[in-house]
>>> print(open('run03.txt').read())   # compact mmCIF, C-alpha atoms
# COMPACT_ATOMS: atom_id res chain seq x y z
CA MET X 1 311.92 175.02 185.78
CA PRO X 2 314.34 177.79 184.65
CA SER X 3 314.52 180.54 187.23
CA GLU X 4 316.00 184.03 187.21
CA GLU X 5 315.99 186.77 189.77
CA CYS X 6 317.23 190.27 190.33
CA PHE X 7 317.17 192.88 193.04
CA VAL X 8 314.99 195.95 192.62
CA TYR X 9 316.14 199.35 193.83
CA ILE X 10 314.34 202.65 194.19
CA THR X 11 315.48 206.25 194.44
CA LEU X 12 313.30 207.64 197.20
CA PRO X 13 311.68 211.10 197.10
CA GLY X 14 314.21 213.84 197.78
CA GLN X 15 317.17 211.46 197.30
CA THR X 16 319.60 210.98 194.41
CA GLU X 17 321.04 207.56 195.31
CA PRO X 18 319.05 204.30 195.11
CA VAL X 19 318.37 201.89 197.96
CA ILE X 20 317.43 198.23 197.77
CA ALA X 21 313.67 197.72 197.95
CA GLY X 22 312.91 194.11 197.02
CA ARG X 23 313.55 191.06 194.88
CA TYR X 24 311.92 189.99 191.61
CA GLN X 25 311.97 186.32 190.56
CA LEU X 26 310.85 184.89 187.23
CA ASP X 27 310.16 181.16 186.81
CA THR X 28 309.31 179.54 183.47
CA GLY X 29 307.58 176.16 183.38
CA ARG X 30 307.94 173.37 180.82
CA GLN X 31 304.90 174.61 178.94
CA GLY X 32 306.44 178.07 178.69
CA THR X 33 304.22 179.66 181.33
CA ALA X 34 306.07 182.41 183.16
CA VAL X 35 305.36 183.10 186.83
CA GLY X 36 306.68 186.26 188.40
CA GLN X 37 307.19 186.85 192.12
CA PHE X 38 308.07 190.06 193.89
CA VAL X 39 308.66 190.69 197.57
CA TYR X 40 309.54 193.91 199.37
CA GLY X 41 312.60 193.60 201.61
CA LYS X 42 312.05 193.76 205.37
CA SER X 43 314.68 196.47 205.70
CA TYR X 44 312.83 198.55 203.11
CA LEU X 45 309.45 198.09 204.77
CA SER X 46 310.97 199.21 208.07
CA ARG X 47 312.07 202.57 206.60
CA ASN X 48 310.06 205.63 207.61
CA ASP X 49 310.45 207.07 204.09
CA ARG X 50 309.35 203.94 202.20
CA VAL X 51 306.94 204.42 199.30
CA GLU X 52 304.93 202.00 197.18
CA PHE X 53 306.01 201.16 193.62
CA ASP X 54 302.52 201.83 192.31
CA PRO X 55 299.09 202.53 193.82
CA VAL X 56 297.37 199.48 192.32
CA GLU X 57 299.34 196.25 192.29
CA LEU X 58 302.57 196.50 194.32
CA LYS X 59 301.31 198.27 197.41
CA LEU X 60 303.41 198.09 200.54
CA GLN X 61 302.86 194.72 202.20
CA VAL X 62 304.83 191.74 203.53
CA PRO X 63 303.37 188.77 201.54
CA VAL X 64 304.90 187.77 198.22
CA PHE X 65 303.19 189.09 195.07
CA ARG X 66 302.68 186.58 192.25
CA THR X 67 301.52 186.99 188.66
CA THR X 68 301.28 185.06 185.40
CA LYS X 69 300.30 188.11 183.38
CA LEU X 70 302.67 190.01 181.09
CA ARG X 71 305.07 187.06 180.73
CA GLY X 72 305.37 186.98 184.50
CA ASN X 73 305.97 190.69 184.87
CA PHE X 74 304.35 193.31 187.10
CA GLY X 75 302.99 196.54 185.67
CA ALA X 76 305.31 198.85 187.60
CA LEU X 77 308.34 196.78 186.55
CA ARG X 78 307.13 196.63 182.94
CA ASP X 79 306.90 200.43 182.93
CA SER X 80 310.60 200.53 183.87
CA SER X 81 311.49 198.21 181.00
CA PRO X 82 312.90 199.63 177.74
CA ASP X 83 310.57 200.63 174.91
CA ALA X 84 310.51 198.98 171.48
CA TRP X 85 313.67 200.78 170.32
CA GLY X 86 315.58 199.93 173.50
CA ARG X 87 314.48 196.30 173.26
CA LYS X 88 315.66 196.06 169.67
CA LEU X 89 319.08 197.40 170.70
CA ILE X 90 319.33 194.89 173.55
CA GLU X 91 318.27 192.00 171.32
CA LYS X 92 320.84 193.01 168.72
CA ARG X 93 323.67 193.36 171.25
CA LEU X 94 322.84 190.11 173.03
CA GLY X 95 322.23 188.18 169.81
CA ASN X 96 318.96 187.01 171.32
CA VAL X 97 315.62 187.76 169.71
CA ALA X 98 313.65 186.75 172.81
CA PRO X 99 315.31 187.83 176.07
CA THR X 100 313.33 187.33 179.27
CA GLU X 101 311.81 190.31 181.05
CA ILE X 102 314.59 190.18 183.63
CA GLN X 103 317.23 190.26 180.89
CA TYR X 104 315.61 193.35 179.40
CA LEU X 105 315.62 195.02 182.83
CA LEU X 106 319.23 194.14 183.63
CA ASN X 107 320.55 195.19 180.24
CA SER X 108 318.73 198.50 179.99
CA PRO X 109 320.32 201.84 180.93
CA ASP X 110 319.78 203.49 184.28
CA ASP X 111 318.01 206.44 182.62
CA ARG X 112 314.83 204.36 182.35
CA ALA X 113 311.48 205.94 183.18
CA GLY X 114 310.53 206.31 186.82
CA ALA X 115 312.48 205.74 190.01
CA LEU X 116 313.27 202.00 189.88
CA GLY X 117 316.55 200.24 189.10
CA PHE X 118 317.66 196.63 188.74
CA GLY X 119 320.79 194.61 189.44
CA LEU X 120 322.31 191.36 190.70
CA ASN X 121 323.75 192.57 194.01
CA VAL X 122 322.24 193.64 197.31
CA GLU X 123 324.09 196.95 197.01
CA PRO X 124 322.71 198.93 194.06
CA PRO X 125 325.23 198.59 191.22
CA ALA X 126 325.16 199.91 187.68
CA PRO X 127 323.22 197.71 185.24
CA MET X 128 325.14 194.88 183.57
CA ARG X 129 325.34 196.85 180.33
CA LYS X 130 324.33 200.38 179.38
CA PHE X 131 322.74 200.22 175.95
CA ASN X 132 321.37 203.43 174.53
CA ARG X 133 322.63 205.31 177.57
CA THR X 134 322.32 209.01 178.28
CA ILE X 135 324.62 211.11 176.13
CA ASP X 136 325.37 214.83 176.15
CA LEU X 137 323.42 216.55 173.37
CA ALA X 138 326.40 218.58 172.14
CA LYS X 139 328.49 215.40 171.95
CA LEU X 140 325.73 213.56 170.07
CA ILE X 141 325.48 216.39 167.53
CA ASP X 142 329.28 216.45 167.09
CA LEU X 143 329.47 212.68 166.60
CA ALA X 144 326.58 212.78 164.14
CA ASP X 145 328.32 215.48 162.12
CA GLN X 146 331.48 213.35 161.98
CA ILE X 147 329.50 210.28 160.88
CA VAL X 148 327.76 212.24 158.12
CA ALA X 149 331.10 213.67 156.98
CA ALA X 150 332.62 210.16 156.85
CA GLU X 151 329.70 208.92 154.77
CA ARG X 152 330.24 211.72 152.27
CA ASP X 153 334.05 211.48 152.23
CA PRO X 154 335.62 208.00 152.47
CA ASP X 155 338.90 209.60 153.57
CA ALA X 156 337.34 211.38 156.54
CA PRO X 157 337.92 209.66 159.90
CA LYS X 158 334.90 207.87 161.35
CA PRO X 159 334.39 208.20 165.11
CA ALA X 160 334.59 205.05 167.23
CA GLY X 161 333.42 203.97 170.66
CA ALA X 162 330.10 203.27 172.38
CA ASP X 163 328.80 206.82 172.00
CA ALA X 164 329.63 206.85 168.30
CA GLU X 165 327.94 203.48 167.86
CA GLN X 166 324.83 204.82 169.57
CA ALA X 167 324.83 207.94 167.40
CA GLU X 168 325.19 205.85 164.23
CA ALA X 169 322.32 203.58 165.25
CA LEU X 170 320.08 206.61 165.78
CA LEU X 171 321.04 208.16 162.45
CA ASN X 172 320.82 205.00 160.41
CA ALA X 173 317.77 203.31 161.90
CA GLY X 174 316.47 201.02 159.18
CA THR X 175 314.43 197.94 158.55
CA SER X 176 316.65 195.80 160.77
CA MET X 177 315.07 197.58 163.73
CA GLY X 178 311.56 197.01 162.44
CA GLY X 179 309.03 199.72 163.23
CA ALA X 180 310.75 200.78 166.44
CA ARG X 181 311.11 204.54 166.54
CA PRO X 182 314.71 205.57 167.30
CA LYS X 183 315.15 207.62 170.46
CA ALA X 184 317.70 208.31 173.17
CA THR X 185 317.99 210.20 176.43
CA VAL X 186 320.23 213.26 176.15
CA GLU X 187 321.44 215.75 178.72
CA ASP X 188 321.26 219.45 177.89
CA GLU X 189 320.71 222.67 179.83
CA ASP X 190 320.90 220.83 183.18
CA ALA X 191 318.00 218.57 182.27
CA LEU X 192 317.30 215.22 180.64
CA TRP X 193 315.41 215.09 177.35
CA VAL X 194 314.05 212.27 175.21
CA ALA X 195 315.49 212.78 171.71
CA LYS X 196 313.01 211.39 169.16
CA PHE X 197 314.34 210.77 165.67
CA SER X 198 312.40 210.23 162.49
CA HIS X 199 312.08 206.76 160.95
CA PRO X 200 312.73 205.88 157.28
CA ASP X 201 309.09 204.80 156.90
CA ASP X 202 307.62 208.09 158.16
CA ARG X 203 305.12 209.74 155.81
CA TRP X 204 306.00 213.21 157.06
CA ASN X 205 308.51 214.97 159.31
CA ASN X 206 307.39 213.40 162.59
CA PRO X 207 309.62 215.46 164.94
CA ARG X 208 308.26 218.76 163.60
CA VAL X 209 304.65 217.56 163.45
CA GLU X 210 304.72 216.20 167.01
CA HIS X 211 306.31 219.41 168.29
CA ALA X 212 303.51 221.34 166.57
CA MET X 213 300.86 219.15 168.24
CA LEU X 214 302.37 219.68 171.68
CA THR X 215 302.38 223.43 171.00
CA LEU X 216 298.79 223.31 169.78
CA ALA X 217 297.71 221.32 172.85
CA ARG X 218 299.21 223.97 175.14
CA SER X 219 297.19 226.63 173.33
CA CYS X 220 294.12 224.51 174.17
CA GLY X 221 294.91 224.72 177.88
CA ILE X 222 296.48 221.26 178.17
CA SER X 223 299.48 220.59 180.40
CA CYS X 224 302.19 219.13 178.14
CA ALA X 225 305.78 218.06 178.44
CA GLU X 226 308.19 220.80 177.36
CA SER X 227 309.52 220.29 173.84
CA ARG X 228 311.87 221.85 171.31
CA LEU X 229 313.52 220.99 168.00
CA THR X 230 317.17 220.54 167.12
CA THR X 231 319.24 219.02 164.31
CA VAL X 232 321.52 216.00 164.72
CA GLY X 233 323.62 215.35 161.64
CA THR X 234 321.13 215.97 158.85
CA ARG X 235 318.13 214.84 160.86
CA ASP X 236 315.47 216.91 162.60
CA VAL X 237 315.08 215.70 166.18
CA LEU X 238 312.35 216.42 168.71
CA LEU X 239 313.51 216.93 172.28
CA VAL X 240 310.88 216.25 174.96
CA LYS X 241 311.88 217.19 178.50
CA ARG X 242 311.73 214.35 181.03
CA PHE X 243 309.15 215.17 183.70
CA ASP X 244 310.32 212.30 185.92
CA ARG X 245 313.80 213.82 186.47
CA HIS X 246 314.79 217.04 188.25
CA LYS X 247 318.41 218.20 188.42
CA THR X 248 319.93 219.23 191.78
CA GLU X 249 323.48 219.91 192.94
CA LYS X 250 323.76 216.31 194.15
CA GLY X 251 322.30 214.74 191.03
CA TYR X 252 318.90 213.94 189.60
CA LEU X 253 315.81 213.49 191.73
CA ARG X 254 313.56 210.78 190.33
CA SER X 255 309.78 210.69 190.29
CA ARG X 256 307.96 207.40 190.42
CA MET X 257 305.99 206.86 187.24
CA VAL X 258 303.47 204.24 186.16
CA SER X 259 301.58 204.08 182.89
CA ALA X 260 297.82 204.10 182.52
CA LEU X 261 298.27 200.54 181.26
CA THR X 262 299.40 199.57 184.76
CA LEU X 263 296.85 201.77 186.49
CA ILE X 264 293.88 200.13 184.73
CA ASP X 265 295.50 196.65 184.90
CA ALA X 266 295.37 196.17 181.13
CA ASP X 267 297.33 194.28 178.48
CA ASP X 268 299.48 195.85 175.77
CA SER X 269 297.44 194.19 173.03
CA PRO X 270 293.64 194.05 173.52
CA ASP X 271 293.13 191.01 171.29
CA THR X 272 289.86 189.94 172.94
CA ALA X 273 286.65 191.75 173.85
CA ASP X 274 287.40 191.42 177.58
CA LYS X 275 290.85 192.94 177.16
CA ARG X 276 289.49 195.69 174.92
CA ARG X 277 286.97 196.73 177.59
CA LYS X 278 289.82 197.68 179.93
CA TRP X 279 291.17 200.16 177.40
CA SER X 280 288.94 202.91 178.68
CA TYR X 281 289.34 206.55 179.68
CA LEU X 282 286.41 206.02 182.02
CA LEU X 283 288.28 203.31 183.93
CA LEU X 284 291.37 205.50 183.86
CA ALA X 285 289.39 208.40 185.33
CA ASP X 286 288.15 206.14 188.13
CA GLU X 287 291.69 204.96 188.92
CA VAL X 288 293.09 208.50 188.82
CA ARG X 289 290.37 209.47 191.29
CA ARG X 290 291.53 206.72 193.65
CA ALA X 291 295.28 207.20 193.20
CA ALA X 292 295.48 210.99 192.97
CA THR X 293 293.08 211.94 195.73
CA ALA X 294 294.74 215.29 196.40
CA SER X 295 294.80 216.42 192.75
CA GLN X 296 291.74 214.71 191.26
CA THR X 297 289.74 217.94 190.89
CA ARG X 298 292.53 219.20 188.63
CA ASP X 299 293.57 215.93 186.98
CA LEU X 300 290.18 214.62 185.86
CA PRO X 301 289.09 217.75 183.95
CA GLU X 302 292.61 217.81 182.49
CA LEU X 303 292.16 214.23 181.29
CA PHE X 304 288.84 215.22 179.70
CA ARG X 305 290.55 218.05 177.79
CA ARG X 306 293.11 215.57 176.47
CA VAL X 307 290.39 213.25 175.21
CA CYS X 308 288.76 216.21 173.45
CA PHE X 309 292.05 217.20 171.87
CA ASN X 310 292.77 213.66 170.71
CA THR X 311 289.38 213.47 168.98
CA LEU X 312 289.95 216.80 167.24
CA ILE X 313 293.39 215.92 165.85
CA SER X 314 292.50 212.25 165.14
CA ASN X 315 295.17 211.00 167.54
CA THR X 316 294.20 207.35 167.29
CA ASP X 317 297.47 206.26 168.95
CA ASP X 318 296.28 207.38 172.40
CA HIS X 319 296.81 203.92 173.92
CA PRO X 320 297.27 203.44 177.69
CA ARG X 321 301.07 203.54 177.42
CA ASN X 322 300.75 207.14 176.28
CA HIS X 323 299.23 208.27 179.59
CA ALA X 324 300.81 208.09 183.04
CA ILE X 325 300.72 209.21 186.65
CA VAL X 326 303.80 210.42 188.49
CA ALA X 327 304.82 210.97 192.11
CA LYS X 328 307.63 213.42 192.78
CA ASP X 329 307.06 213.09 196.51
CA THR X 330 304.48 210.80 198.12
CA ALA X 331 301.36 211.91 196.21
CA TRP X 332 300.41 210.70 192.75
CA SER X 333 299.10 212.99 190.01
CA LEU X 334 298.46 212.93 186.26
CA SER X 335 301.64 213.41 184.25
CA PRO X 336 301.99 216.10 181.57
CA ALA X 337 300.70 215.02 178.15
CA TYR X 338 303.11 213.49 175.63
CA ASP X 339 303.10 211.51 172.37
CA LEU X 340 300.43 213.60 170.64
CA THR X 341 300.31 212.77 166.92
CA PRO X 342 297.65 213.30 164.23
CA ASN X 343 296.45 210.43 162.06
CA PRO X 344 294.81 211.69 158.87
CA MET X 345 292.33 209.14 157.55
CA ILE X 346 290.04 208.75 154.57
CA ALA X 347 287.02 207.98 156.76
CA LEU X 348 284.82 211.05 157.22
CA GLU X 349 281.90 209.52 159.14
CA ARG X 350 283.70 207.85 162.02
CA ARG X 351 287.13 207.65 163.59
CA ASP X 352 287.92 205.79 166.80
CA LEU X 353 290.40 206.57 169.53
CA ALA X 354 292.36 203.69 171.06
CA MET X 355 290.38 203.92 174.32
CA ALA X 356 286.63 204.17 175.00
CA PHE X 357 285.36 207.33 176.71
CA GLY X 358 281.57 207.56 176.39
CA ASP X 359 278.25 205.89 175.64
CA TRP X 360 279.39 205.26 172.06
CA GLY X 361 282.65 203.62 173.03
CA ARG X 362 285.72 204.91 171.20
CA TYR X 363 283.86 207.00 168.61
CA ALA X 364 285.73 210.32 168.27
CA ASN X 365 282.60 212.42 168.41
CA ARG X 366 281.15 215.44 170.22
CA THR X 367 278.01 213.65 171.47
CA ASN X 368 280.15 210.84 172.81
CA LEU X 369 282.38 213.31 174.65
CA LEU X 370 279.39 214.94 176.31
CA SER X 371 277.77 211.62 177.26
CA GLN X 372 280.12 210.84 180.18
CA SER X 373 281.74 214.19 180.99
CA GLU X 374 280.63 213.98 184.63
CA ARG X 375 282.92 210.97 185.13
CA PHE X 376 285.72 213.49 184.60
CA LEU X 377 284.16 215.96 187.07
CA VAL X 378 283.10 218.18 184.16
CA SER X 379 279.48 219.35 183.93
CA GLN X 380 277.62 219.26 180.61
CA GLU X 381 277.76 223.05 180.43
CA GLU X 382 281.50 223.18 181.11
CA ALA X 383 282.13 220.29 178.69
CA THR X 384 280.25 222.16 175.96
CA ARG X 385 282.36 225.25 176.60
CA ILE X 386 285.60 223.25 176.51
CA ILE X 387 284.66 221.48 173.28
CA ASP X 388 283.49 224.63 171.51
CA GLY X 389 286.65 226.50 172.50
CA MET X 390 288.88 223.66 171.40
CA ILE X 391 287.10 223.28 168.05
CA GLU X 392 287.75 226.95 167.39
CA THR X 393 291.38 226.84 168.47
CA VAL X 394 292.29 223.65 166.61
CA GLY X 395 290.37 224.51 163.46
CA ALA X 396 291.67 228.07 163.23
CA SER X 397 295.29 227.65 164.27
CA TRP X 398 296.62 224.14 163.56
CA TYR X 399 298.06 225.21 160.19
CA ALA X 400 299.76 228.34 161.52
CA VAL X 401 301.19 226.42 164.49
CA ALA X 402 302.48 223.67 162.19
CA ARG X 403 304.12 226.11 159.79
CA GLN X 404 305.71 228.00 162.67
CA ALA X 405 307.18 224.67 163.85
CA GLY X 406 308.76 224.25 160.42
CA VAL X 407 306.29 221.69 159.05
CA SER X 408 306.48 221.91 155.26
CA GLU X 409 303.57 222.87 153.04
CA ARG X 410 303.61 219.32 151.65
CA ASP X 411 303.39 217.79 155.13
CA CYS X 412 300.59 220.17 156.12
CA GLU X 413 298.65 218.97 153.11
CA LEU X 414 299.25 215.35 154.17
CA ILE X 415 297.96 215.87 157.73
CA HIS X 416 295.22 218.45 157.19
CA SER X 417 292.36 215.89 157.12
CA ALA X 418 293.20 214.87 160.72
CA PHE X 419 291.75 218.07 162.19
CA VAL X 420 288.09 218.52 163.18
CA TYR X 421 286.90 215.81 160.78
CA GLU X 422 283.29 215.75 159.61
CA GLY X 423 282.03 212.88 161.79
CA PHE X 424 283.10 214.66 164.97
CA SER X 425 280.02 216.89 164.80
CA TYR X 426 277.39 214.22 164.03
CA ASP X 427 274.50 214.22 166.48
CA LEU X 428 274.50 210.61 167.69
CA ASN X 429 271.15 211.11 169.39
CA ASP X 430 269.57 211.50 165.95
CA PRO X 431 267.42 208.33 165.47
CA THR X 432 268.47 208.13 161.80
CA ILE X 433 272.03 207.22 162.81
CA ALA X 434 272.63 203.49 163.25
CA THR X 435 274.89 203.51 166.30
CA ASP X 436 273.26 201.06 168.72
CA ASP X 437 276.51 199.11 168.68
CA PRO X 438 279.26 201.52 169.75
CA GLU X 439 281.75 199.60 167.62
CA GLU X 440 279.68 199.94 164.42
CA LEU X 441 280.05 202.75 161.93
CA PRO X 442 277.16 205.23 161.61
CA THR X 443 275.45 205.13 158.24
CA VAL X 444 273.88 208.58 158.28
CA GLY X 445 274.84 211.72 160.12
CA ASN X 446 273.50 215.19 160.82
CA ARG X 447 275.81 218.04 161.70
CA MET X 448 275.28 219.55 165.15
>>> encode(input="run03.txt", output="structure tokens")
Amino acid sequence: MPSEECFVYITLPGQTEPVIAGRYQLDTGRQGTAVGQFVYGKSYLSRNDRVEFDPVELKLQVPVFRTTKLRGNFGALRDSSPDAWGRKLIEKRLGNVAPTEIQYLLNSPDDRAGALGFGLNVEPPAPMRKFNRTIDLAKLIDLADQIVAAERDPDAPKPAGADAEQAEALLNAGTSMGGARPKATVEDEDALWVAKFSHPDDRWNNPRVEHAMLTLARSCGISCAESRLTTVGTRDVLLVKRFDRHKTEKGYLRSRMVSALTLIDADDSPDTADKRRKWSYLLLADEVRRAATASQTRDLPELFRRVCFNTLISNTDDHPRNHAIVAKDTAWSLSPAYDLTPNPMIALERRDLAMAFGDWGRYANRTNLLSQSERFLVSQEEATRIIDGMIETVGASWYAVARQAGVSERDCELIHSAFVYEGFSYDLNDPTIATDDPEELPTVGNRM
């Protein structure tokens, strides 16, 4: 049985240097079944300032944790693993299309999300390789300008080195990287930012549209990650400020962070009815209530506002990876919103979010929003007020906000059908609407 292991480190609240916390082992059987084991170190458990990795699965305890889910991975460790773009880079560099989860962890940069780190020694070292590592924004822009100049003029010198290679990969992301969206962590203005580049297959200018949606969400009273736009080479780039890093004189403080996917113990791909049932805002609200006891009266109504906003902009990519809780100190709370994107569709009667949130499942509809608002600590009266206010704000200002963010007239035309679509206002309590099955499309609808 092939076996791999690595040490897991954590940067504790208020600290800037990691300490060893435990050991992760991955065993693969002859039939390909992966079994993961994690154990907290005794020295870590004896610390007065120890903290759990997550509030669901890897709570502080002595016995060994075991799992066969997620290719033998644990949710909190998976959340520290690179995203699709980072994985593609690692696969390309290693010449291996199927690295193990441990290989992804060991070969990813130390600017990963959250407070965890991974290595092969008891003393926390740097990762084996730093692919897609943090780069200074000004340097990235300069390198990109040189690369563009070299492409236009064969006699112009082309920059070399790891940073230049990273810049070129971001600028020239193509089909070899599949659908992975190019991104990198950059440092600017004493903070870390996620730089999100467009992809050749994009239908519109994604960086500008996403920046507009984050701006629009703030105007709807939603707490969002800070964002701004810049240009790298000839490409528009969205910068989203990391909310799990805080700069100090000694370095960066790190907040623990786990995705909603981990919090609700769900799979990345809900390919069965049982797995699909776990993709639920209602389950997420229950878990937030348990994990964020001190902030639940703020976090749950905030989560409800985000569901409302997603329905009104047709953000059907609101999967559990796009929600998270964070802990800067010892207490967990809902993270700022991020990854808000519209999805204009032809369907006018029904659109579904990725996660269920009411009596009619995932149906992006006003009646459905009202049906379970109390689970989010929001009364029917308050929910009605929130929805009405958000309808007015989104309907009246999305275009102006988008244009102010530099979204072209053409792109506004492409995305306009995403906002306050017709089926949102259907009264699902009307007996003429065939919606007994929450996954079925309504056949008739009355406007509310």
>>> closest_residue(input="run03.txt", among="X:Asp236, X:Asp110, X:Glu5, X:Asp427", to="Thr185 in chain X", atoms="all atoms listed in the file")
X:Asp110
>>> residues_around(input="run03.txt", residues="range 362-367 of chain X", least_positions_apart="6", cutoff="7 Å", atoms="only C-alpha atoms", output="list of chain:residue names")
X:Thr311, X:Arg350, X:Arg351, X:Asp352, X:Leu353, X:Ala354, X:Met355, X:Ala356, X:Gly423, X:Phe424, X:Ser425, X:Asp427, X:Leu428
>>> residues_around(input="run03.txt", residues="range 267-282 of chain X", least_positions_apart="3", cutoff="8 Å", atoms="only C-alpha atoms", output="list in words")
Leu70, Leu261, Ile264, Ala285, Asp286, His319, Pro320, Ala354, Met355, Ala356, Phe357, Gly358, Arg375 and Phe376 of chain X
>>> residues_around(input="run03.txt", residues="Ala402 in chain X", least_positions_apart="2", cutoff="8 Å", atoms="only C-alpha atoms", output="PyMOL selection string")
chain X and resi 208-209+212-213+398-400+404-407+412
>>> closest_residue(input="run03.txt", among="X:Ala347, X:Ala115, X:Val64, X:Ala169", to="Lys328 in chain X", atoms="all atoms listed in the file")
X:Ala115
>>> closest_residue(input="run03.txt", among="X:Arg71, X:Arg93, X:Arg218, X:Arg256", to="Arg306 in chain X", atoms="all atoms listed in the file")
X:Arg218
>>> residues_near_point(input="run03.txt", point="(288.6, 215.9, 174.9)", cutoff="12 Å", atoms="all atoms listed in the file", output="count of residues only")
52
>>> atom_distance(input="run03.txt", atom1="CA of Leu116 in chain X", atom2="CA of Tyr9 in chain X")
5.6 Å
>>> residues_around(input="run03.txt", residues="range 27-29 of chain X", least_positions_apart="3", cutoff="7 Å", atoms="only C-alpha atoms", output="MDAnalysis selection string")
chainID X and resid 1:4 32:36
>>> write_last_selection(input="run03.txt", atoms="C-alpha atoms", output="PDB file, keeping the file's coordinate frame")
ATOM      1  CA  MET X   1     311.920 175.020 185.780  1.00  0.00           C
ATOM      2  CA  PRO X   2     314.340 177.790 184.650  1.00  0.00           C
ATOM      3  CA  SER X   3     314.520 180.540 187.230  1.00  0.00           C
ATOM      4  CA  GLU X   4     316.000 184.030 187.210  1.00  0.00           C
ATOM      5  CA  GLY X  32     306.440 178.070 178.690  1.00  0.00           C
ATOM      6  CA  THR X  33     304.220 179.660 181.330  1.00  0.00           C
ATOM      7  CA  ALA X  34     306.070 182.410 183.160  1.00  0.00           C
ATOM      8  CA  VAL X  35     305.360 183.100 186.830  1.00  0.00           C
ATOM      9  CA  GLY X  36     306.680 186.260 188.400  1.00  0.00           C
TER      10      GLY X  36
END
>>> atom_distance(input="run03.txt", atom1="CA of Ala292 in chain X", atom2="CA of Ala331 in chain X")
6.8 Å
>>> residues_around(input="run03.txt", residues="Asp339 in chain X", least_positions_apart="3", cutoff="10 Å", atoms="only C-alpha atoms", output="list in words")
Glu210, His211, Met213, Leu214, Cys224, Ala225, Val240, Asn315, Asp317, Asp318, His319, Arg321, Asn322, His323 and Pro342 of chain X
>>> residues_near_point(input="run03.txt", point="(298.0, 211.4, 187.8)", cutoff="8 Å", atoms="only C-alpha atoms", output="ChimeraX atom specification")
/X:288,291-292,295-296,299,324-326,332-335
>>> atom_distance(input="run03.txt", atom1="CA of Pro344 in chain X", atom2="CA of His416 in chain X")
7.0 Å
>>> closest_residue(input="run03.txt", among="X:Arg47, X:Arg290, X:Arg30, X:Arg242", to="Asp188 in chain X", atoms="all atoms listed in the file")
X:Arg242
>>> closest_residue(input="run03.txt", among="X:Glu226, X:Glu151, X:Glu52, X:Asp430", to="Thr11 in chain X", atoms="all atoms listed in the file")
X:Glu52
>>> closest_residue(input="run03.txt", among="X:Ala337, X:Leu253, X:Leu143, X:Ala418", to="Leu12 in chain X", atoms="all atoms listed in the file")
X:Leu253
>>> build_atoms(input="run03.txt", residues="range 385-397 of chain X", atoms="N, CA and C atoms", output="PDB file, in the frame of the given file")
ATOM      1  N   ARG X 385     281.463 224.097 176.757  1.00  0.00           N
ATOM      2  CA  ARG X 385     282.360 225.250 176.600  1.00  0.00           C
ATOM      3  C   ARG X 385     283.763 224.815 176.190  1.00  0.00           C
ATOM      4  N   ILE X 386     284.251 223.756 176.824  1.00  0.00           N
ATOM      5  CA  ILE X 386     285.600 223.250 176.510  1.00  0.00           C
ATOM      6  C   ILE X 386     285.658 222.784 175.054  1.00  0.00           C
ATOM      7  N   ILE X 387     284.664 222.017 174.647  1.00  0.00           N
ATOM      8  CA  ILE X 387     284.660 221.480 173.280  1.00  0.00           C
ATOM      9  C   ILE X 387     284.567 222.595 172.252  1.00  0.00           C
ATOM     10  N   ASP X 388     283.662 223.537 172.472  1.00  0.00           N
ATOM     11  CA  ASP X 388     283.490 224.630 171.510  1.00  0.00           C
ATOM     12  C   ASP X 388     284.786 225.444 171.386  1.00  0.00           C
ATOM     13  N   GLY X 389     285.417 225.727 172.524  1.00  0.00           N
ATOM     14  CA  GLY X 389     286.650 226.500 172.500  1.00  0.00           C
ATOM     15  C   GLY X 389     287.772 225.749 171.791  1.00  0.00           C
ATOM     16  N   MET X 390     287.817 224.443 172.009  1.00  0.00           N
ATOM     17  CA  MET X 390     288.880 223.660 171.400  1.00  0.00           C
ATOM     18  C   MET X 390     288.654 223.493 169.898  1.00  0.00           C
ATOM     19  N   ILE X 391     287.409 223.343 169.483  1.00  0.00           N
ATOM     20  CA  ILE X 391     287.100 223.280 168.050  1.00  0.00           C
ATOM     21  C   ILE X 391     287.613 224.540 167.363  1.00  0.00           C
ATOM     22  N   GLU X 392     287.335 225.679 167.981  1.00  0.00           N
ATOM     23  CA  GLU X 392     287.750 226.950 167.390  1.00  0.00           C
ATOM     24  C   GLU X 392     289.264 227.063 167.327  1.00  0.00           C
ATOM     25  N   THR X 393     289.922 226.712 168.427  1.00  0.00           N
ATOM     26  CA  THR X 393     291.380 226.840 168.470  1.00  0.00           C
ATOM     27  C   THR X 393     292.066 225.899 167.485  1.00  0.00           C
ATOM     28  N   VAL X 394     291.658 224.632 167.500  1.00  0.00           N
ATOM     29  CA  VAL X 394     292.290 223.650 166.610  1.00  0.00           C
ATOM     30  C   VAL X 394     292.001 223.982 165.146  1.00  0.00           C
ATOM     31  N   GLY X 395     290.736 224.248 164.837  1.00  0.00           N
ATOM     32  CA  GLY X 395     290.370 224.510 163.460  1.00  0.00           C
ATOM     33  C   GLY X 395     291.036 225.752 162.894  1.00  0.00           C
ATOM     34  N   ALA X 396     291.155 226.793 163.733  1.00  0.00           N
ATOM     35  CA  ALA X 396     291.670 228.070 163.230  1.00  0.00           C
ATOM     36  C   ALA X 396     293.187 228.166 163.248  1.00  0.00           C
ATOM     37  N   SER X 397     293.862 227.396 164.102  1.00  0.00           N
ATOM     38  CA  SER X 397     295.290 227.650 164.270  1.00  0.00           C
ATOM     39  C   SER X 397     296.229 226.488 164.001  1.00  0.00           C
TER      40      SER X 397
END
